[in-house]
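Student: Here it is: the structure, laid out below.
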Amino acid sequence: MFFVKNLFLSDFHIGDNMFFSKRVEQFITIAQKGTFKEAADELCISPSALSKGMKEIEGQLGVQLFRHSGRGARLTSNGEKLYQELFPHYQDVSATTKKLMLGFSSKKESVINIATDDAYFPDLASIISKIDSIESGILVDIKKYSNHLISDIICRIQADIFIGSREEENLPANIESLALSSKLELGAAEDIINSYKDKMELLLNNNIIQTESMLLSKGFERIKNLLMDKHKKNIISVPSIDDVFQILGDGKGISFIPKSNKNISLGKQHKVNFAIPPAPFNIEVRGKLYYKAEKKESLQWLIDLICD
């Protein structure tokens with residue numbers, strides 16, 4: 001079975017068992033759970049992706065590892081042999097890894113990883129400023145992921161929290177979410193926004209500048225359809241909210257911007273003012289906060305800050 005060892009140790013990943021390939025973790029989890037669905041929920045991947053991975057392994061080994069039935073997935077005799085060979089090593093490495101991780105987590109400094117798609121971006125500046133009064137020795141790392149799957153961000157990239165406007169079907173059962181919302185305002189350079197008393201005229205006589213993430217959000221879909229279909233307006237997509245404010249400050253357009261202290265600060269920096277959008281464009285953009293259910297207790301203080 002030495003060829004099996006090479007096959008299964010060829011794809012390292014970071015996780016609870018960082019020294020084993022994800023295929024080993026998947027194989028053992030299916031064997032223990034007895035169904036692909038339960039194993040997929042545990043591993044934060046879809047059952048179809050899990051099934052595809054096992055079929056690839058079976059194809060490489062030339063043997064069938066699982067026998068499928070209405071009740072689940074049972075190991076074949078070859079699957080049982082493989083499980084018996086791998087599991088003792090897997091168990092030893094898992095125990096050692098957990099021991100090391102406990103040692104690391106006992107240190108005063110810890111890291112909170114926050115991921116966002118930048119479309120729904122709550123007042124993280126003020127949130128972070130409050131963290132020091134609640135927790136000490138905390139490193140907060142915020143990164144933007146525009147196109148990644150939410151399940152990958154939480155489970156593979158291992159962000160503690162993902163905040164965004166996107167939704168994803170068939171999320172694993174151990175990923176929970178909370179609804180968020182923020183009012184949209186019209187942002188434009190001071191001289192432009194002050195030159196229009198009628199905000200509908202402001203809207204219809206200037207280029208619309210939006211982030212890529214905002215254009216992909218369901219909350220903005222109604223505005224986008226009204227602007228493009230009914231009013232025949234062009235919408236210019238840019239990568240980030242910083243790019244939006246740079247263009248607005250140069251007097252080259254207007255934008256629908258979520259209300260937050262971060263965006264107010266950027267507005268002052270670029271001499272951009274805000275106004276309430278006219279009906280029917282005066283809507284809220286909705287977002288969600290995602291996290292692993294098993295981490296909720298340890299992250300509750302941060303969740304409360306974000307949702308406050």
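Letters for chains follow the order of the structure tokens (A, B, ...), residue numbers begin at 1 for each chain, and ligand numbers begin at 1 in the order shown.
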Report as a tab-separated table (two decimals) with N, CA, C and O atoms, in the first residue's frame all protein, DNA and RNA residues lying within 9 Å of A:Leu43, evaluated on only C-alpha atoms, omitting residues in the same chain fewer than 6 positions from it.
Tutor:
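What ended up in out-v3.tsv:
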```tsv
chain	number	residue	atom	x	y	z
A	25	GLU	N	-8.53	13.27	4.81
A	25	GLU	CA	-9.56	13.77	5.73
A	25	GLU	C	-10.95	13.46	5.20
A	25	GLU	O	-11.85	13.04	5.96
A	26	GLN	N	-11.16	13.63	3.91
A	26	GLN	CA	-12.46	13.35	3.32
A	26	GLN	C	-12.80	11.86	3.42
A	26	GLN	O	-13.92	11.49	3.80
A	29	THR	N	-13.52	10.89	7.05
A	29	THR	CA	-14.77	11.48	7.53
A	29	THR	C	-15.98	10.74	6.97
A	29	THR	O	-16.95	10.48	7.70
A	155	CYS	N	-14.23	27.91	5.48
A	155	CYS	CA	-13.71	26.58	5.81
A	155	CYS	C	-12.29	26.33	5.32
A	155	CYS	O	-11.52	25.66	6.01
A	172	PRO	N	-22.84	24.50	3.92
A	172	PRO	CA	-22.78	23.43	4.92
A	172	PRO	C	-23.59	23.77	6.17
A	172	PRO	O	-23.72	24.95	6.53
```
Student: Leaving out A:Leu289 and any residue of its chain fewer than 5 positions from it, which residues lie within 6 Å of it when counting only C-alpha atoms, given as a ChimeraX atom specification?
Tutor: /A:162-163,177-178
Student: Env of stretch 191-208 of chain A: 12 Å cut, atoms = only C-alpha atoms, seq-sep filter 4 positions within chain, self excluded. Answer as a ChimeraX atom specification.
Tutor: /A:185-187,215,223-224,226-228,230-238,244,247-257,271-282
Student: Which is closer to A:His148 than all the others in A:Gln32, A:Asn113, A:Ser213, A:Gln60, using only C-alpha atoms?
Tutor: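 For A:His148, the nearest of the candidates is A:Ser213.
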Student: Env of A:Phe36: 6 Å cut, atoms = only C-alpha atoms, seq-sep filter 4 positions within chain, self excluded. Answer as a tab-separated table (two decimals) with C-alpha atoms, in the first residue's frame.
Tutor:
```tsv
chain	number	residue	atom	x	y	z
A	30	ILE	CA	-17.05	9.58	5.11
A	40	ALA	CA	-19.76	17.07	3.43
A	47	PRO	CA	-21.69	16.35	-1.39
```
Student: Under the rule that only C-alpha atoms are counted, which of A:Lys295, A:Asn225, A:Val285, A:Tyr145 is the nearest residue to A:Glu176?
Tutor: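 Under the stated criterion, the closest residue is A:Lys295.
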